[in-house]
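Q: Please read through the structure below; I'll follow up with questions.
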Amino acid sequence: MSTVNPIAFPNIEMISNQACLLSFCQVISETTSNYIAQVTQHLKSLDGILDLVPSYTTLLVVFDDDHYDRFVICKTIRETIEAINPNDFALEDHREVVIPVYYGPEVGPDIQDVGEHCQLSMEEVIKRHSETTYRAYAIGFTPGFAFLGNTPKELHVPRKITPRLKVPIGSVALAENQTAVYPSVTPGGWQIIGRTPVQLVDWGSENLALIAMGDSVRFEPISRDEFLVLGGQLDGF
């Protein structure tokens, strides 16, 4: 008996002579995320694919235009997706990544503001943030930056009105229904509640980033001393 793929076949839009955008649907869900992760893995194995950037409901495919023209890349993508068992992505096993975090005003200058906005004590903010298991729905903004959802409703906070020009590496932050870790020093407008000593990007690794799309992520509170022992830095703001 044939099975029916619950996700619509993606629309393929050429956006340059070396890139196309696959749009799967408008609904953000674990099912959509699993499917995009599965498609990403299959396309990654093809010759001539230079980069793949998965997001909530889309997948950007960058390819070698000496290897493919626009017609061949569309045909190759369609054939690759059609060969995927529609049940596989529902059964896909992803890793669980545990990230140690030192929470507090020293490294999380917005944690008290988050508590006031959410009418929670600092201890309650930490408890709710660290007791939730998150899913990596998208990778982008900078290499290794994973958009993790969904945060508990009690922790939904807006982005900062004025973004910071410099957010220290390892900063753990909240924005609306998402949480994330800044893998490098960049500007940013999320509410920062802590910092991890863990490096999220390894430029010498084949996989580059610690967190991949579809992974489960948990945050584990650690003390100031544990943070320092693990190589954490208190400066940066």
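Within each chain, counting starts at residue 1; across the structure tokens, chains are named A, B, ... in the order shown, with ligands numbered 1 upward in that order.
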Can you pull out every residue within 9 Å of Ile126 of chain A, counting only C-alpha atoms, but drop anything in the same chain fewer than 5 positions away, and send it as a list in words?
A: Tyr103, Gly104, Ile111, Ser121, Glu131, Ile193 and Pro221 of chain A
Q: Can you build me a table of segment 2-119 of chain A residues sitting at most 9 Å from segment 196-205 of chain A, with the closest atom pair per residue and its distance in Å to one decimal, using only C-alpha atoms, sorted by chain and residue number, as CSV?
A:
```
residue,atom,partner,partner_atom,distance
A:Ile99,CA,A:Thr196,CA,6.9
A:Pro100,CA,A:Thr196,CA,5.7
A:Val101,CA,A:Thr196,CA,4.5
A:Tyr102,CA,A:Thr196,CA,6.3
A:Tyr103,CA,A:Thr196,CA,8.8
```
Q: Let's have the selection written as a PDB file, in the first residue's frame, with all heavy atoms.
A:
```
ATOM      1  N   ILE A  99      24.023  21.717  26.638  1.00  0.00           N
ATOM      2  CA  ILE A  99      24.902  22.884  26.696  1.00  0.00           C
ATOM      3  C   ILE A  99      24.920  23.447  28.117  1.00  0.00           C
ATOM      4  O   ILE A  99      23.882  23.878  28.631  1.00  0.00           O
ATOM      5  CB  ILE A  99      24.421  23.971  25.717  1.00  0.00           C
ATOM      6  CG1 ILE A  99      24.473  23.426  24.279  1.00  0.00           C
ATOM      7  CG2 ILE A  99      25.269  25.231  25.846  1.00  0.00           C
ATOM      8  CD1 ILE A  99      23.968  24.389  23.244  1.00  0.00           C
ATOM      9  N   PRO A 100      26.085  23.432  28.773  1.00  0.00           N
ATOM     10  CA  PRO A 100      26.175  24.018  30.120  1.00  0.00           C
ATOM     11  C   PRO A 100      26.100  25.540  30.047  1.00  0.00           C
ATOM     12  O   PRO A 100      26.694  26.152  29.154  1.00  0.00           O
ATOM     13  CB  PRO A 100      27.559  23.556  30.608  1.00  0.00           C
ATOM     14  CG  PRO A 100      28.358  23.350  29.355  1.00  0.00           C
ATOM     15  CD  PRO A 100      27.374  22.881  28.311  1.00  0.00           C
ATOM     16  N   VAL A 101      25.354  26.136  30.980  1.00  0.00           N
ATOM     17  CA  VAL A 101      25.161  27.592  30.955  1.00  0.00           C
ATOM     18  C   VAL A 101      25.318  28.165  32.358  1.00  0.00           C
ATOM     19  O   VAL A 101      24.736  27.654  33.323  1.00  0.00           O
ATOM     20  CB  VAL A 101      23.750  27.965  30.427  1.00  0.00           C
ATOM     21  CG1 VAL A 101      23.579  29.488  30.425  1.00  0.00           C
ATOM     22  CG2 VAL A 101      23.519  27.406  29.041  1.00  0.00           C
ATOM     23  N   TYR A 102      26.101  29.222  32.448  1.00  0.00           N
ATOM     24  CA  TYR A 102      26.151  30.015  33.671  1.00  0.00           C
ATOM     25  C   TYR A 102      25.185  31.168  33.478  1.00  0.00           C
ATOM     26  O   TYR A 102      25.362  32.015  32.600  1.00  0.00           O
ATOM     27  CB  TYR A 102      27.567  30.522  33.929  1.00  0.00           C
ATOM     28  CG  TYR A 102      27.665  31.557  35.034  1.00  0.00           C
ATOM     29  CD1 TYR A 102      26.998  31.379  36.253  1.00  0.00           C
ATOM     30  CD2 TYR A 102      28.432  32.709  34.867  1.00  0.00           C
ATOM     31  CE1 TYR A 102      27.079  32.329  37.258  1.00  0.00           C
ATOM     32  CE2 TYR A 102      28.534  33.662  35.875  1.00  0.00           C
ATOM     33  CZ  TYR A 102      27.849  33.466  37.061  1.00  0.00           C
ATOM     34  OH  TYR A 102      27.928  34.404  38.066  1.00  0.00           O
ATOM     35  N   TYR A 103      24.109  31.166  34.268  1.00  0.00           N
ATOM     36  CA  TYR A 103      23.109  32.216  34.205  1.00  0.00           C
ATOM     37  C   TYR A 103      23.432  33.289  35.253  1.00  0.00           C
ATOM     38  O   TYR A 103      23.886  32.974  36.350  1.00  0.00           O
ATOM     39  CB  TYR A 103      21.722  31.657  34.519  1.00  0.00           C
ATOM     40  CG  TYR A 103      21.176  30.636  33.545  1.00  0.00           C
ATOM     41  CD1 TYR A 103      21.395  29.276  33.742  1.00  0.00           C
ATOM     42  CD2 TYR A 103      20.410  31.024  32.440  1.00  0.00           C
ATOM     43  CE1 TYR A 103      20.871  28.326  32.871  1.00  0.00           C
ATOM     44  CE2 TYR A 103      19.884  30.094  31.568  1.00  0.00           C
ATOM     45  CZ  TYR A 103      20.115  28.744  31.786  1.00  0.00           C
ATOM     46  OH  TYR A 103      19.594  27.802  30.929  1.00  0.00           O
TER      47      TYR A 103
END
```
Q: In terms of the shortest atom-to-atom distance over only C-alpha atoms, which of A:Glu123, A:Ser216, A:Thr80, A:Asp235 is closest to Ser45 of chain A?
A: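 The closest residue to Ser45 of chain A is A:Thr80.
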Q: Give me, please, the distance in Å between atom CA of Cys25 of chain A and atom CA of Glu176 of chain A, quoted to one decimal.
A: 21.8 Å
Q: Would you please give, as a PyMOL selection string, all residues of segment 98-172 of chain A that DSSP assigns to alpha helix (DSSP H) based on the backbone?
A: chain A and resi 111-118+122-130
Q: Please save all heavy atoms of the selected residues as a short mmCIF file (atom, residue, chain, number, x, y, z; two decimals), in the first residue's frame.
A:
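Okay, this is what ended up in again09.cif:
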```cif
data_model
loop_
_atom_site.label_atom_id
_atom_site.label_comp_id
_atom_site.auth_asym_id
_atom_site.auth_seq_id
_atom_site.Cartn_x
_atom_site.Cartn_y
_atom_site.Cartn_z
N ILE A 111 18.85 39.24 32.11
CA ILE A 111 18.05 38.23 32.81
C ILE A 111 17.08 38.86 33.80
O ILE A 111 15.95 38.38 33.97
CB ILE A 111 18.95 37.17 33.49
CG1 ILE A 111 18.10 35.97 33.94
CG2 ILE A 111 19.76 37.78 34.64
CD1 ILE A 111 18.93 34.77 34.35
N GLN A 112 17.49 39.95 34.43
CA GLN A 112 16.58 40.60 35.37
C GLN A 112 15.43 41.29 34.64
O GLN A 112 14.28 41.25 35.10
CB GLN A 112 17.36 41.59 36.25
CG GLN A 112 18.32 40.89 37.21
CD GLN A 112 19.11 41.85 38.06
OE1 GLN A 112 19.30 43.01 37.71
NE2 GLN A 112 19.60 41.36 39.19
N ASP A 113 15.72 41.89 33.49
CA ASP A 113 14.66 42.51 32.68
C ASP A 113 13.69 41.46 32.17
O ASP A 113 12.47 41.69 32.14
CB ASP A 113 15.27 43.26 31.49
CG ASP A 113 16.00 44.52 31.91
OD1 ASP A 113 15.75 45.00 33.04
OD2 ASP A 113 16.82 45.01 31.12
N VAL A 114 14.21 40.30 31.80
CA VAL A 114 13.35 39.20 31.35
C VAL A 114 12.43 38.78 32.50
O VAL A 114 11.23 38.57 32.32
CB VAL A 114 14.19 37.99 30.87
CG1 VAL A 114 13.32 36.75 30.69
CG2 VAL A 114 14.91 38.33 29.57
N GLY A 115 13.01 38.66 33.70
CA GLY A 115 12.21 38.29 34.86
C GLY A 115 11.11 39.29 35.14
O GLY A 115 9.95 38.91 35.41
N GLU A 116 11.42 40.57 35.05
CA GLU A 116 10.41 41.61 35.29
C GLU A 116 9.32 41.57 34.22
O GLU A 116 8.13 41.70 34.53
CB GLU A 116 11.09 42.99 35.32
CG GLU A 116 11.97 43.20 36.55
CD GLU A 116 12.68 44.54 36.51
OE1 GLU A 116 12.36 45.36 35.60
OE2 GLU A 116 13.56 44.78 37.37
N HIS A 117 9.73 41.40 32.97
CA HIS A 117 8.75 41.35 31.88
C HIS A 117 7.81 40.15 32.03
O HIS A 117 6.61 40.26 31.78
CB HIS A 117 9.48 41.27 30.54
CG HIS A 117 8.55 41.18 29.35
ND1 HIS A 117 8.04 42.29 28.73
CD2 HIS A 117 8.04 40.10 28.69
CE1 HIS A 117 7.25 41.91 27.74
NE2 HIS A 117 7.24 40.58 27.68
N CYS A 118 8.38 39.03 32.46
CA CYS A 118 7.61 37.78 32.57
C CYS A 118 7.02 37.59 33.97
O CYS A 118 6.35 36.57 34.21
CB CYS A 118 8.49 36.59 32.21
SG CYS A 118 9.14 36.65 30.54
N MET A 122 14.59 35.52 39.03
CA MET A 122 15.71 35.05 38.22
C MET A 122 15.80 33.53 38.29
O MET A 122 16.07 32.86 37.28
CB MET A 122 17.02 35.67 38.70
CG MET A 122 18.17 35.45 37.73
SD MET A 122 19.65 36.39 38.17
CE MET A 122 20.31 35.37 39.48
N GLU A 123 15.56 32.96 39.49
CA GLU A 123 15.61 31.51 39.66
C GLU A 123 14.54 30.83 38.81
O GLU A 123 14.78 29.76 38.23
CB GLU A 123 15.43 31.15 41.14
CG GLU A 123 16.58 31.53 42.04
CD GLU A 123 16.68 33.02 42.32
OE1 GLU A 123 15.64 33.73 42.12
OE2 GLU A 123 17.77 33.49 42.70
N GLU A 124 13.36 31.45 38.70
CA GLU A 124 12.28 30.86 37.91
C GLU A 124 12.59 30.95 36.41
O GLU A 124 12.26 30.04 35.64
CB GLU A 124 10.96 31.55 38.23
CG GLU A 124 10.42 31.20 39.61
CD GLU A 124 9.22 32.06 40.00
OE1 GLU A 124 9.19 33.26 39.63
OE2 GLU A 124 8.32 31.53 40.65
N VAL A 125 13.23 32.04 35.99
CA VAL A 125 13.65 32.16 34.59
C VAL A 125 14.61 31.04 34.24
O VAL A 125 14.47 30.36 33.21
CB VAL A 125 14.30 33.54 34.32
CG1 VAL A 125 14.93 33.56 32.92
CG2 VAL A 125 13.28 34.65 34.45
N ILE A 126 15.59 30.83 35.11
CA ILE A 126 16.59 29.77 34.88
C ILE A 126 15.92 28.41 34.86
O ILE A 126 16.20 27.58 33.98
CB ILE A 126 17.67 29.82 35.98
CG1 ILE A 126 18.46 31.12 35.90
CG2 ILE A 126 18.61 28.61 35.86
CD1 ILE A 126 19.38 31.37 37.08
N LYS A 127 15.03 28.17 35.79
CA LYS A 127 14.36 26.87 35.89
C LYS A 127 13.54 26.58 34.62
O LYS A 127 13.66 25.50 34.04
CB LYS A 127 13.44 26.85 37.12
CG LYS A 127 12.73 25.53 37.39
CD LYS A 127 11.98 25.60 38.71
CE LYS A 127 11.37 24.25 39.08
NZ LYS A 127 10.26 23.86 38.19
N ARG A 128 12.75 27.54 34.19
CA ARG A 128 11.92 27.31 33.00
C ARG A 128 12.76 27.16 31.74
O ARG A 128 12.47 26.33 30.87
CB ARG A 128 10.90 28.44 32.84
CG ARG A 128 9.72 28.32 33.82
CD ARG A 128 8.93 29.61 33.89
NE ARG A 128 7.69 29.47 34.62
CZ ARG A 128 7.60 29.37 35.96
NH1 ARG A 128 8.71 29.37 36.69
NH2 ARG A 128 6.42 29.23 36.55
N HIS A 129 13.82 27.97 31.63
CA HIS A 129 14.66 27.89 30.44
C HIS A 129 15.42 26.56 30.37
O HIS A 129 15.53 25.96 29.29
CB HIS A 129 15.65 29.05 30.41
CG HIS A 129 16.46 29.12 29.15
ND1 HIS A 129 17.77 28.69 29.07
CD2 HIS A 129 16.14 29.56 27.90
CE1 HIS A 129 18.22 28.88 27.85
NE2 HIS A 129 17.25 29.39 27.12
N SER A 130 15.90 26.09 31.50
CA SER A 130 16.74 24.88 31.50
C SER A 130 15.94 23.58 31.58
O SER A 130 16.49 22.51 31.29
CB SER A 130 17.74 24.94 32.66
OG SER A 130 17.06 24.99 33.91
#
```
Q: May I ask which of the residues A:Val217, A:Ala146, A:Trp190, A:Pro168 is the closest one to Gly232 of chain A, counting only C-alpha atoms?
A: A:Pro168
Q: Given only C-alpha atoms as the basis, pick out the residue of A:Val53, A:Gly149, A:Val62, A:Leu43 nearest to Thr76 of chain A.
A: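 Looking at the shortest contact to Thr76 of chain A, the residue is A:Leu43.
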Q: For Val172 of chain A, which of A:Ser184, A:Ser55, A:Ser29, A:Gln18 is the closest residue, counting only C-alpha atoms?
A: A:Ser184
Q: By how many Å are atom CA of Asp215 of chain A and atom CA of Glu106 of chain A apart?
A: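 That distance, rounded to one decimal, is 28.9 Å.
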Q: Using only C-alpha atoms, can you tell me which of A:Ala138, A:Cys74, A:Leu52, A:Leu155 comes closest to Met213 of chain A?
A: A:Ala138
Q: From a DSSP calculation on the backbone, collect every residue of segment 126-237 of chain A in strand (DSSP E) and output the set as a VMD selection string.
A: chain A and resid 134 to 139 146 to 149 164 to 167 171 to 175 178 to 181 186 to 188 191 to 195 216 to 221
